[in-house]
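Peer 1: What follows is model-v8.cif, mmCIF, C-alpha atoms.
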data_target
#
loop_
_atom_site.label_atom_id
_atom_site.label_comp_id
_atom_site.auth_asym_id
_atom_site.auth_seq_id
_atom_site.Cartn_x
_atom_site.Cartn_y
_atom_site.Cartn_z
CA MET A 955 41.15 -8.83 -19.03
CA LYS A 956 41.47 -10.84 -15.78
CA ILE A 957 43.17 -7.93 -14.04
CA ARG A 958 40.37 -5.63 -15.10
CA THR A 959 37.76 -8.05 -13.73
CA LEU A 960 39.68 -8.35 -10.45
CA PHE A 961 39.94 -4.57 -10.25
CA VAL A 962 36.16 -4.20 -10.76
CA LEU A 963 35.46 -6.86 -8.10
CA ALA A 964 37.88 -5.26 -5.66
CA SER A 965 36.30 -1.85 -6.28
CA CYS A 966 32.84 -3.31 -5.60
CA LEU A 967 34.08 -4.84 -2.33
CA ILE A 968 35.70 -1.61 -1.22
CA ALA A 969 32.60 0.36 -2.21
CA THR A 970 30.42 -1.65 0.19
CA GLY A 971 30.08 -0.47 3.77
CA CYS A 972 30.28 -2.80 6.78
CA VAL A 973 27.16 -4.23 8.41
CA THR A 974 26.73 -5.91 11.79
CA SER A 975 23.79 -8.23 12.23
CA THR A 976 22.21 -10.43 14.91
CA VAL A 977 19.46 -13.01 14.53
CA ASP A 978 17.41 -14.65 17.32
CA GLU A 979 15.14 -17.58 16.70
CA MET A 980 12.59 -19.57 18.67
CA VAL A 981 10.49 -22.19 16.87
CA PHE A 982 8.21 -25.11 17.76
CA ASN A 983 6.71 -27.99 15.74
CA GLU A 984 9.14 -27.64 12.87
CA PRO A 985 7.88 -29.57 9.80
CA LEU A 986 10.75 -32.10 9.59
CA GLU A 987 9.60 -33.42 6.20
CA GLY A 988 9.20 -29.91 4.78
CA ILE A 989 5.84 -28.42 3.85
CA GLY A 990 5.10 -30.73 0.88
CA ASP A 991 2.82 -29.19 -1.73
CA SER A 992 1.41 -26.64 0.69
CA SER A 993 2.19 -22.97 0.35
CA VAL A 994 3.52 -20.18 2.54
CA VAL A 995 2.50 -16.57 2.56
CA ILE A 996 4.65 -13.76 3.95
CA LEU A 997 2.80 -10.60 4.96
CA GLY A 998 3.93 -7.24 6.33
CA ARG A 999 2.33 -5.71 9.42
CA ARG A 1000 1.12 -2.19 8.70
CA HIS A 1001 -0.61 -1.09 11.89
CA ALA A 1002 1.92 1.37 13.29
CA SER A 1003 1.26 5.03 12.61
CA ASP A 1004 4.89 6.15 12.24
CA TYR A 1005 6.34 3.41 10.04
CA GLU A 1006 5.34 0.72 7.61
CA THR A 1007 6.97 -2.64 6.96
CA GLU A 1008 8.34 -2.19 3.45
CA PRO A 1009 6.68 -4.31 0.71
CA ASP A 1010 10.16 -4.60 -0.90
CA PHE A 1011 11.48 -6.28 2.24
CA ILE A 1012 8.61 -8.80 2.28
CA GLU A 1013 9.30 -9.56 -1.39
CA CYS A 1014 13.02 -9.96 -0.65
CA VAL A 1015 12.37 -12.53 2.11
CA GLY A 1016 9.93 -14.43 -0.12
CA ASP A 1017 12.42 -14.50 -3.00
CA HIS A 1018 15.20 -15.60 -0.62
CA ILE A 1019 13.16 -18.64 0.48
CA ALA A 1020 11.75 -19.55 -2.94
CA SER A 1021 15.10 -19.26 -4.71
CA ARG A 1022 16.93 -21.53 -2.24
CA ASP A 1023 14.29 -24.27 -2.00
CA LYS A 1024 12.33 -24.62 -5.23
CA ALA A 1025 9.91 -27.02 -3.51
CA ILE A 1026 8.50 -24.22 -1.36
CA THR A 1027 5.68 -22.21 -2.90
CA VAL A 1028 5.66 -18.64 -1.60
CA ILE A 1029 2.50 -16.71 -2.47
CA GLY A 1030 3.12 -13.04 -3.30
CA GLU A 1031 1.87 -10.60 -0.67
CA LEU A 1032 -0.23 -8.45 -3.01
CA GLU A 1033 -1.65 -11.50 -4.78
CA PHE A 1034 -2.74 -12.92 -1.41
CA ILE A 1035 -4.29 -9.78 0.05
CA ASN A 1036 -6.09 -9.06 -3.23
CA ALA A 1037 -7.44 -12.62 -3.41
CA LEU A 1038 -8.73 -12.31 0.18
CA TYR A 1039 -9.87 -8.68 0.11
CA PRO A 1040 -11.04 -7.19 2.49
CA TRP A 1041 -9.82 -9.59 5.20
CA PHE A 1042 -6.08 -8.80 5.19
CA GLU A 1043 -6.13 -5.02 5.00
CA PRO A 1044 -4.37 -3.15 7.86
CA ARG A 1045 -7.78 -2.54 9.50
CA THR A 1046 -9.08 -6.10 9.21
CA ALA A 1047 -6.00 -8.37 9.26
CA PRO A 1048 -6.03 -11.01 12.02
CA LEU A 1049 -3.80 -10.07 14.94
CA HIS A 1050 -3.85 -13.43 16.74
CA PRO A 1051 -3.87 -17.01 15.44
CA ARG A 1052 -7.26 -17.55 17.13
CA ASP A 1053 -8.76 -14.95 14.72
CA ILE A 1054 -8.24 -17.43 11.87
CA GLU A 1055 -11.17 -19.53 13.08
CA ARG A 1056 -13.55 -16.56 12.83
CA LEU A 1057 -12.19 -15.78 9.38
CA LEU A 1058 -12.68 -19.35 8.17
CA ALA A 1059 -16.29 -19.27 9.36
CA GLN A 1060 -16.92 -17.31 6.14
CA GLN A 1061 -17.37 -19.93 3.46
CA PRO A 1062 -15.83 -17.98 0.54
CA VAL A 1063 -12.73 -17.28 2.65
CA ALA A 1064 -12.41 -20.93 3.72
CA GLU A 1065 -12.74 -22.05 0.09
CA LYS A 1066 -10.08 -19.59 -1.10
CA MET A 1067 -7.65 -20.61 1.65
CA SER A 1068 -8.17 -24.25 0.77
CA GLU A 1069 -7.54 -23.44 -2.91
CA LEU A 1070 -4.31 -21.62 -2.04
CA LYS A 1071 -3.18 -24.52 0.24
CA THR A 1072 -1.73 -22.08 2.73
CA GLU A 1073 -0.06 -24.00 5.57
CA TYR A 1074 2.05 -21.26 7.13
CA MET A 1075 1.39 -17.54 7.41
CA ILE A 1076 4.42 -15.46 8.33
CA TRP A 1077 3.89 -11.92 9.61
CA ILE A 1078 6.88 -9.58 9.44
CA ASP A 1079 6.89 -6.37 11.45
CA GLY A 1080 9.69 -3.82 11.39
CA VAL A 1081 11.45 -1.17 9.38
CA THR A 1082 14.82 0.08 8.17
CA GLU A 1083 15.54 3.62 9.32
CA ARG A 1084 18.21 6.12 8.44
CA THR A 1085 19.77 7.84 11.45
CA ASP A 1086 22.69 10.16 12.25
CA SER A 1087 23.13 11.78 8.85
CA VAL A 1088 26.07 14.21 8.85
CA GLY A 1089 28.17 16.02 6.29
CA SER A 1090 27.43 18.18 3.31
CA MET A 1091 27.99 18.18 -0.41
CA THR A 1092 27.99 20.96 -2.97
CA CYS A 1093 27.43 20.37 -6.66
CA GLY A 1094 27.91 22.89 -9.42
CA ILE A 1095 27.62 23.21 -13.17
CA GLY A 1096 29.48 25.60 -15.45
CA PRO A 1097 30.68 26.02 -19.03
CA GLY A 1098 33.73 23.89 -18.25
CA GLY A 1099 31.75 20.96 -16.81
CA ALA A 1100 30.01 19.81 -13.66
CA GLY A 1101 31.16 18.36 -10.37
CA CYS A 1102 30.51 17.82 -6.68
CA PHE A 1103 32.64 18.29 -3.59
CA GLY A 1104 31.97 17.20 -0.02
CA PHE A 1105 31.44 14.26 2.25
CA GLY A 1106 28.33 12.66 3.75
CA THR A 1107 27.80 9.75 6.08
CA TRP A 1108 24.73 8.13 7.64
CA ASN A 1109 23.66 5.08 9.63
CA ASN A 1110 20.98 2.60 8.65
CA ASN A 1111 19.32 0.41 11.27
CA SER A 1112 17.05 -2.51 10.47
CA LYS A 1113 14.88 -4.22 13.04
CA TYR A 1114 12.40 -6.91 12.00
CA GLU A 1115 10.44 -9.67 13.69
CA ALA A 1116 8.83 -12.58 11.86
CA VAL A 1117 6.00 -14.47 13.56
CA ILE A 1118 5.10 -17.86 12.09
CA TRP A 1119 1.49 -19.07 12.29
CA ASP A 1120 0.53 -22.66 11.58
CA PHE A 1121 -2.68 -22.27 9.64
CA THR A 1122 -4.00 -25.81 10.21
CA ASP A 1123 -3.42 -25.82 13.97
CA GLN A 1124 -4.23 -22.11 14.21
CA ALA A 1125 -1.27 -21.54 16.52
CA GLU A 1126 1.91 -19.52 16.64
CA VAL A 1127 4.86 -21.85 16.05
CA GLY A 1128 7.84 -19.55 15.95
CA ARG A 1129 9.43 -16.12 16.11
CA VAL A 1130 12.56 -14.87 14.37
CA ASN A 1131 14.14 -11.50 15.21
CA THR A 1132 16.84 -9.80 13.25
CA GLU A 1133 18.70 -6.56 13.80
CA ALA A 1134 21.29 -5.09 11.44
CA SER A 1135 23.10 -1.79 11.34
CA GLY A 1136 25.75 -0.25 9.17
CA GLN A 1137 27.32 3.03 8.18
CA SER A 1138 27.33 4.33 4.62
CA TYR A 1139 29.63 7.00 3.20
CA MET A 1140 29.51 9.32 0.21
CA PRO A 1141 32.77 11.15 -0.52
CA ALA A 1142 32.69 13.42 -3.55
CA VAL A 1143 35.65 14.90 -5.41
CA ILE A 1144 34.12 15.89 -8.74
CA VAL A 1145 32.21 12.56 -8.83
CA PRO A 1146 30.26 11.31 -5.77
CA ILE A 1147 31.28 7.77 -4.81
CA PRO A 1148 28.56 6.05 -2.75
CA ILE A 1149 29.83 3.40 -0.33
CA ILE A 1150 26.56 1.88 0.76
CA ALA A 1151 26.16 -0.56 3.64
CA PRO A 1152 23.60 -3.22 2.56
CA VAL A 1153 21.74 -3.15 5.89
CA GLN A 1154 18.27 -4.11 4.71
CA GLY A 1155 19.67 -6.82 2.43
CA THR A 1156 21.60 -8.32 5.36
CA ALA A 1157 18.45 -8.30 7.51
CA CYS A 1158 16.57 -9.95 4.65
CA ASP A 1159 19.21 -12.69 4.32
CA GLY A 1160 19.28 -13.22 8.10
CA ILE A 1161 15.54 -13.61 8.50
CA GLY A 1162 15.25 -15.53 5.20
CA ASP A 1163 17.87 -18.11 6.26
CA GLN A 1164 16.12 -18.77 9.59
CA LEU A 1165 12.71 -19.13 7.94
CA LEU A 1166 14.25 -21.45 5.35
CA GLU A 1167 15.64 -23.63 8.14
CA PHE A 1168 12.16 -23.86 9.60
CA LEU A 1169 10.27 -24.53 6.37
CA SER A 1170 12.68 -26.60 4.32
CA SER A 1171 13.67 -30.23 4.78
CA GLU A 1172 16.95 -29.54 2.97
CA TYR A 1173 18.32 -26.92 5.37
CA MET B 524 15.79 40.28 -43.52
CA SER B 525 14.63 37.04 -45.09
CA ARG B 526 17.00 35.08 -42.80
CA SER B 527 15.45 36.58 -39.65
CA MET B 528 11.95 35.80 -40.94
CA ILE B 529 12.89 32.13 -41.35
CA ILE B 530 14.47 31.82 -37.89
CA ALA B 531 11.84 33.81 -36.00
CA PRO B 532 8.98 31.23 -35.92
CA GLU B 533 11.37 28.46 -34.75
CA PHE B 534 12.80 30.73 -32.08
CA ARG B 535 9.30 31.73 -30.98
CA LEU B 536 8.32 28.07 -30.72
CA LEU B 537 11.37 27.33 -28.60
CA LEU B 538 10.61 30.32 -26.38
CA LEU B 539 7.01 29.17 -25.94
CA ALA B 540 8.12 25.62 -25.10
CA SER B 541 10.62 26.93 -22.53
CA LEU B 542 7.97 29.20 -21.01
CA ALA B 543 5.49 26.32 -20.81
CA LEU B 544 8.14 24.16 -19.14
CA LEU B 545 8.92 26.91 -16.63
CA LEU B 546 5.23 27.51 -15.85
CA SER B 547 4.54 23.81 -15.43
CA ALA B 548 7.42 23.61 -12.95
CA CYS B 549 5.79 26.39 -10.88
CA GLY B 550 2.22 24.98 -11.02
CA PRO B 551 0.58 22.68 -8.53
CA ALA B 552 1.32 18.96 -8.43
CA ARG B 553 -1.57 17.20 -10.15
CA VAL B 554 -2.55 13.64 -9.38
CA VAL B 555 -5.42 11.74 -10.94
CA VAL B 556 -5.76 8.80 -8.58
CA GLU B 557 -5.47 5.49 -10.41
CA GLY B 558 -5.50 2.02 -8.97
CA LYS B 559 -6.85 -1.50 -9.20
CA PHE B 560 -9.44 -2.54 -6.66
CA PRO B 561 -10.18 -6.20 -5.98
CA GLU B 562 -13.65 -7.69 -5.65
CA PRO B 563 -14.63 -8.52 -2.07
CA LEU B 564 -14.50 -12.15 -1.04
CA MET B 565 -17.69 -12.51 0.95
CA GLU B 566 -21.18 -13.96 1.01
CA PRO B 567 -23.33 -11.37 -0.80
CA VAL B 568 -26.11 -9.65 1.15
CA PRO B 569 -29.37 -10.75 -0.55
CA LEU B 570 -30.44 -7.32 -1.72
CA LYS B 571 -31.00 -5.57 -5.03
CA MET B 572 -29.02 -2.48 -4.16
CA GLY B 573 -29.06 0.72 -6.14
CA VAL B 574 -26.26 3.27 -6.10
CA TRP B 575 -26.25 6.94 -6.96
CA TYR B 576 -23.08 9.01 -7.19
CA GLY B 577 -23.68 12.74 -6.96
CA GLU B 578 -21.60 15.16 -9.04
CA ASP B 579 -19.60 16.18 -5.96
CA PHE B 580 -18.69 12.54 -5.39
CA ALA B 581 -18.04 11.36 -8.97
CA GLY B 582 -15.92 14.44 -9.64
CA HIS B 583 -14.36 14.63 -6.18
CA GLU B 584 -11.02 16.39 -5.91
CA PHE B 585 -9.07 18.11 -3.20
CA HIS B 586 -6.56 20.88 -3.37
CA ASP B 587 -4.46 22.91 -1.01
CA GLU B 588 -2.77 26.24 -1.47
CA ALA B 589 0.87 26.29 -0.40
CA LYS B 590 1.59 28.17 2.81
CA SER B 591 5.34 28.33 2.32
CA ARG B 592 7.84 27.52 -0.40
CA SER B 593 8.73 24.18 1.14
CA GLU B 594 5.10 23.01 0.99
CA SER B 595 3.75 21.71 -2.29
CA LYS B 596 0.52 22.78 -3.91
CA TRP B 597 -1.65 19.82 -4.75
CA ILE B 598 -4.67 19.05 -6.88
CA VAL B 599 -5.67 15.44 -6.35
CA LYS B 600 -8.62 14.07 -8.32
CA THR B 601 -10.13 11.05 -6.57
CA GLY B 602 -13.61 10.97 -8.16
CA GLN B 603 -12.89 8.46 -10.93
CA ALA B 604 -11.11 6.07 -8.56
CA GLN B 605 -13.89 6.46 -5.96
CA VAL B 606 -16.54 5.38 -8.49
CA GLN B 607 -14.34 2.50 -9.71
CA MET B 608 -13.72 1.21 -6.18
CA TRP B 609 -17.33 1.52 -4.95
CA ASP B 610 -18.73 -0.09 -8.12
CA THR B 611 -16.38 -3.08 -7.68
CA LEU B 612 -17.03 -3.38 -3.94
CA LEU B 613 -20.83 -3.03 -4.04
CA ALA B 614 -21.16 -5.44 -6.99
CA GLY B 615 -19.49 -8.11 -4.85
CA MET B 616 -21.26 -7.21 -1.60
CA PHE B 617 -24.86 -7.48 -2.82
CA THR B 618 -26.62 -10.03 -4.99
CA GLU B 619 -27.43 -7.30 -7.52
CA LEU B 620 -26.16 -3.77 -8.03
CA VAL B 621 -28.10 -1.27 -10.12
CA GLN B 622 -26.90 2.17 -11.19
CA MET B 623 -29.58 4.78 -10.67
CA LYS B 624 -30.46 7.14 -13.52
CA GLY B 625 -30.98 10.12 -11.22
CA GLU B 626 -30.95 11.11 -7.57
CA PRO B 627 -33.70 9.12 -5.79
CA GLY B 628 -36.80 11.24 -5.21
CA ALA B 629 -40.55 11.21 -5.59
CA ASP B 630 -40.44 12.69 -9.11
CA GLN B 631 -37.41 10.78 -10.37
CA MET B 632 -37.88 7.73 -12.67
CA ASN B 633 -35.50 5.02 -11.50
CA PRO B 634 -35.27 1.22 -11.62
CA VAL B 635 -37.02 -0.45 -8.66
CA VAL B 636 -34.54 -1.69 -6.06
CA ASN B 637 -34.60 -2.62 -2.35
CA ALA B 638 -32.62 0.48 -1.39
CA VAL B 639 -30.29 3.09 -2.84
CA LEU B 640 -26.90 3.92 -1.37
CA ILE B 641 -25.65 7.49 -1.81
CA PRO B 642 -22.02 8.01 -0.73
CA HIS B 643 -20.51 11.42 0.04
CA VAL B 644 -16.97 12.49 0.92
CA ASP B 645 -17.54 14.98 3.74
CA GLU B 646 -13.93 15.67 4.61
CA LEU B 647 -10.45 14.83 3.39
CA GLN B 648 -7.14 15.60 5.05
CA TYR B 649 -3.63 14.73 3.99
CA THR B 650 -0.11 15.02 5.30
CA ILE B 651 3.14 14.88 3.39
CA PRO B 652 6.67 14.61 4.81
CA THR B 653 7.15 18.41 4.76
CA HIS B 654 4.18 18.74 7.16
CA THR B 655 5.24 16.12 9.70
CA ASN B 656 8.95 15.39 9.23
CA ILE B 657 7.96 11.70 9.08
CA ASN B 658 8.80 9.96 5.85
CA ILE B 659 5.18 8.99 5.20
CA TYR B 660 2.35 10.29 2.99
CA GLU B 661 -1.08 9.96 4.62
CA ILE B 662 -4.67 10.52 3.49
CA TRP B 663 -7.69 10.49 5.79
CA MET B 664 -11.27 10.68 4.56
CA ARG B 665 -14.63 10.91 6.24
CA TYR B 666 -17.53 9.46 4.28
CA ARG B 667 -21.21 9.97 4.86
CA PHE B 668 -23.64 7.39 3.53
CA GLU B 669 -27.33 7.75 2.92
CA LEU B 670 -29.45 4.65 2.46
CA VAL B 671 -32.79 5.63 0.94
CA THR B 672 -35.75 4.06 -0.84
CA THR B 673 -36.17 4.48 -4.61
CA GLY B 674 -38.56 7.33 -3.78
CA GLY B 675 -35.92 9.08 -1.68
CA GLU B 676 -37.33 8.18 1.78
CA PRO B 677 -34.44 7.87 4.29
CA ILE B 678 -33.67 4.42 5.74
CA ALA B 679 -30.32 5.11 7.41
CA GLN B 680 -27.52 7.62 7.52
CA TRP B 681 -24.08 7.09 9.00
CA THR B 682 -20.47 8.23 8.74
CA MET B 683 -17.29 6.22 8.30
CA SER B 684 -13.60 7.05 8.18
CA ALA B 685 -10.86 5.69 5.94
CA TYR B 686 -7.11 6.03 6.17
CA GLY B 687 -4.24 5.27 3.85
CA LYS B 688 -0.52 5.78 4.18
CA THR B 689 2.58 4.97 2.24
CA PRO B 690 6.27 5.55 2.89
CA THR B 691 8.31 7.47 0.39
CA ALA B 692 10.72 5.25 -1.46
CA PHE B 693 13.82 5.70 -3.53
CA LEU B 694 12.99 6.74 -7.10
CA ARG B 695 9.28 7.15 -6.34
CA SER B 696 7.92 10.62 -7.06
CA LYS B 697 5.79 12.49 -4.53
CA GLU B 698 2.87 12.23 -6.98
CA ASP B 699 3.20 8.42 -7.00
CA ALA B 700 3.37 8.40 -3.21
CA VAL B 701 0.18 10.51 -2.90
CA ASN B 702 -1.55 8.28 -5.46
CA MET B 703 -0.55 5.19 -3.50
CA ALA B 704 -1.75 6.69 -0.19
CA ALA B 705 -5.09 7.55 -1.85
CA VAL B 706 -5.43 4.01 -3.22
CA MET B 707 -4.69 2.62 0.26
CA ALA B 708 -7.31 4.95 1.75
CA LEU B 709 -9.87 3.78 -0.82
CA ARG B 710 -9.07 0.13 -0.10
CA ASP B 711 -9.46 0.86 3.61
CA ALA B 712 -12.81 2.56 2.93
CA GLY B 713 -13.97 -0.57 1.08
CA ALA B 714 -12.77 -2.85 3.88
CA ASN B 715 -14.42 -0.70 6.56
CA PHE B 716 -17.71 -0.53 4.65
CA ALA B 717 -17.79 -4.25 3.81
CA THR B 718 -17.15 -5.33 7.40
CA HIS B 719 -19.44 -2.78 9.09
CA PHE B 720 -22.42 -2.32 6.77
CA THR B 721 -24.61 -4.93 8.46
CA ARG B 722 -23.56 -3.61 11.91
CA VAL B 723 -24.90 -0.08 11.44
CA PRO B 724 -27.87 -0.15 13.91
CA GLU B 725 -30.42 1.39 11.51
CA VAL B 726 -29.27 -0.84 8.64
CA GLN B 727 -29.29 -3.91 10.91
CA ALA B 728 -32.87 -3.17 12.00
CA TRP B 729 -33.95 -2.66 8.38
CA LEU B 730 -32.26 -5.88 7.25
CA GLU B 731 -33.87 -7.85 10.12
CA GLU B 732 -37.23 -6.43 9.10
CA ARG B 733 -36.65 -7.70 5.57
CA GLY B 734 -35.18 -11.02 6.74
CA ALA B 735 -32.03 -10.23 4.77
CA LEU B 736 -29.49 -10.39 7.60
CA THR B 737 -26.89 -12.96 6.60
CA THR B 738 -24.13 -14.61 8.66
CA GLU B 739 -22.13 -12.52 11.13
CA VAL B 740 -19.17 -10.74 9.57
CA PRO B 741 -15.97 -11.37 11.59
CA LEU B 742 -14.02 -8.39 12.90
#
Before we go any further, please render this structure as structure tokens.

Peer 2:
Amino acid sequence: MKIRTLFVLASCLIATGCVTSTVDEMVFNEPLEGIGDSSVVILGRRHASDYETEPDFIECVGDHIASRDKAITVIGELEFINALYPWFEPRTAPLHPRDIERLLAQQPVAEKMSELKTEYMIWIDGVTERTDSVGSMTCGIGPGGAGCFGFGTWNNNSKYEAVIWDFTDQAEVGRVNTEASGQSYMPAVIVPIPIIAPVQGTACDGIGDQLLEFLSSEY
Amino acid sequence: MSRSMIIAPEFRLLLLASLALLLSACGPARVVVEGKFPEPLMEPVPLKMGVWYGEDFAGHEFHDEAKSRSESKWIVKTGQAQVQMWDTLLAGMFTELVQMKGEPGADQMNPVVNAVLIPHVDELQYTIPTHTNINIYEIWMRYRFELVTTGGEPIAQWTMSAYGKTPTAFLRSKEDAVNMAAVMALRDAGANFATHFTRVPEVQAWLEERGALTTEVPL
């Protein structure tokens, strides 16, 4: 039984491609005591015409922070933008911390923000792209069975930047950049075996760890 | 003889089902746009606003004939979602929203309101990844609004654009992606309308005349 478990674990490790990742960080006014009972919201920038920061990535970073420090309340992106509609849509979202003041001049918005206790707003901009796909695979089906034969490989590159806004001081207090890349493979001899490099997941962990260091008193 | 008579109806049924399946695979992709639209968080404009949706608007749909095999045929019905979004938005934007019984005009019996808004979709364009080679579904709409009195006298007329995009994602069908892009375009239309309504010069002049111009909306 143990051997079988070890074999499965070893197979999983082998079936994971390699990823290289770098993280840069620059922060000011770190809350040394943590953020108390205030909350944090993580939002994706969606202004670019040729890409869109993936909602899944935003959710991943939020889950990363909330699962490692239970004291931090992370408001879901959709919940936040729905509660403050139409002020955080791609067309209307504030681009600079100084825009917060104009937003809070609207009484219903100020009341909602106060209710949500949002202390930090984190904007993430970036995308994971697939590049350099090569190879080919042929699959067939016949009376005797089905199968595939071939080989494919591709690169994934992730590049994200998180900008931290202090909502009370209406100022930018930090930036975290992460870049990750990795090559995935798919050999197929009858059965395709995907060996996927967890590029986006690594970028999520990288940016999540740095944000956690900023927000949490325990890290 | 009797055996063939027993088998024949079952076989015919199977043949019909197979034919229906084959025909449905060749037909256009059909999407009835569905989504949830939040209420706007803003100080309501002190007006009793009427709204009239023409048949072209309430039953709005767009379709495109395929130009090559790689391009899909689409029939996208947006009418129901348009009415749902505008009803939710206008109900939150004005102190009172009244549905008109007929198109405003001298001979039409309608409830008395300050003004009636008549939206139209003048143009709709879309792109899918096979058009652009970018992994994004996009929808662009141009609206035309008429603001008239209960008797049909024009107060203002203006146009407005709306845009929505969504990336394709693993395990998401192209129909889901088009639906999501349409929902994003509708949300953008709501955001654009809510933040610009009081800035339309003719509307602004009319509101000033009535003393109904509220606080400045931030942009």

Peer 1: Show me, as a list in words, the residues that have an atom within 12 Å of B:Asp645 when counting only C-alpha atoms, minus same-chain residues fewer than 2 positions from it.

Peer 2: Asp579, Phe580, His583, Glu584, Phe585, Pro642, His643, Leu647, Gln648, Trp663, Met664, Arg665, Tyr666, Arg667, Phe668, Trp681, Thr682, Met683, Ser684 and Ala685 of chain B

Peer 1: Using only C-alpha atoms, select each residue of chain B with any atom at most 9 Å away from an atom of chain A, and give the selection as a list in words.

Peer 2: Phe560, Pro561, Glu562, Pro563, Leu564, Met565, Glu566, Ile657, Asn658, Ile659, Lys688, Thr689, Pro690, Arg710, Asp711, Gly713, Ala714, Asn715, Ala717, Thr718, Thr738, Glu739, Val740, Pro741 and Leu742 of chain B

Peer 1: Could you spell out the hits of the PyMOL selection byres ((chain A and resi 1078) around 9) on the shown file, as JSON, numbers by chain?

Peer 2: {"A": [996, 997, 998, 999, 1007, 1012, 1076, 1077, 1079, 1080, 1114, 1115, 1116, 1117, 1118]}

Peer 1: How many Å lie between atom CA of B:Lys559 and atom CA of B:Gln605, rounded to one decimal?

Peer 2: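 Separation of atom CA of B:Lys559 and atom CA of B:Gln605: 11.1 Å.
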
Peer 1: Identify, on the basis of only C-alpha atoms, every residue whose closest approach to stretch 983-988 of chain A does not exceed 10 Å; exclude the query and any residue fewer than 5 positions from it along the same chain; express the result as a count of residues only.

Peer 2: 14

Peer 1: Please put the answer as lines of an AutoDock Vina configuration file: centre and edge lengths, in Å with one decimal, of a box along x, y and z that encloses all listed atoms of stretch 656-672 of chain B plus 5 Å on each side.

Peer 2:
center_x = -13.4
center_y = 9.7
center_z = 4.2
size_x = 54.7
size_y = 21.3
size_z = 20.1

Peer 1: Name the residues in contact with A:Gln1164 at a cut-off of 9 Å, using all atoms listed in the file, excluding same-chain residues fewer than 6 positions from it; report them as a PyMOL selection string.

Peer 2: chain A and resi 977-979+1130

Peer 1: I would like the residues chosen by the PyMOL selection byres ((chain A and resi 971) around 7) on the shown file; could you give them as an MDAnalysis selection string?

Peer 2: chainID A and resid 969:970 972:973 1136:1138 1149:1151

Peer 1: To one decimal place, how far is atom CA of B:Met608 from atom CA of B:Val644 in Å?

Peer 2: 13.7 Å

Peer 1: What does the structure give for the distance between atom CA of B:His586 and atom CA of B:Ala705, in Å to one decimal?

Peer 2: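 Straight-line distance from atom CA of B:His586 to atom CA of B:Ala705 works out to 13.5 Å.
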
Peer 1: Restricting the calculation to all atoms listed in the file, which member of A:Phe982, A:Phe1103, A:Phe1011, A:Trp1119 is positioned closest to A:Gly1089?

Peer 2: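 Between A:Phe982, A:Phe1103, A:Phe1011, A:Trp1119, the residue approaching A:Gly1089 most closely is A:Phe1103.
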
Peer 1: Run through the PyMOL selection byres ((chain B and resi 679) around 7) on the given coordinates and return the selected residues as a count of residues only.

Peer 2: 9

Peer 1: For B:Gly674, which residue out of B:Asp587, B:Glu557, B:Asp610, B:Glu626 is the nearest one, using all atoms listed in the file?

Peer 2: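 The shortest atom-to-atom distance to B:Gly674 comes from B:Glu626.
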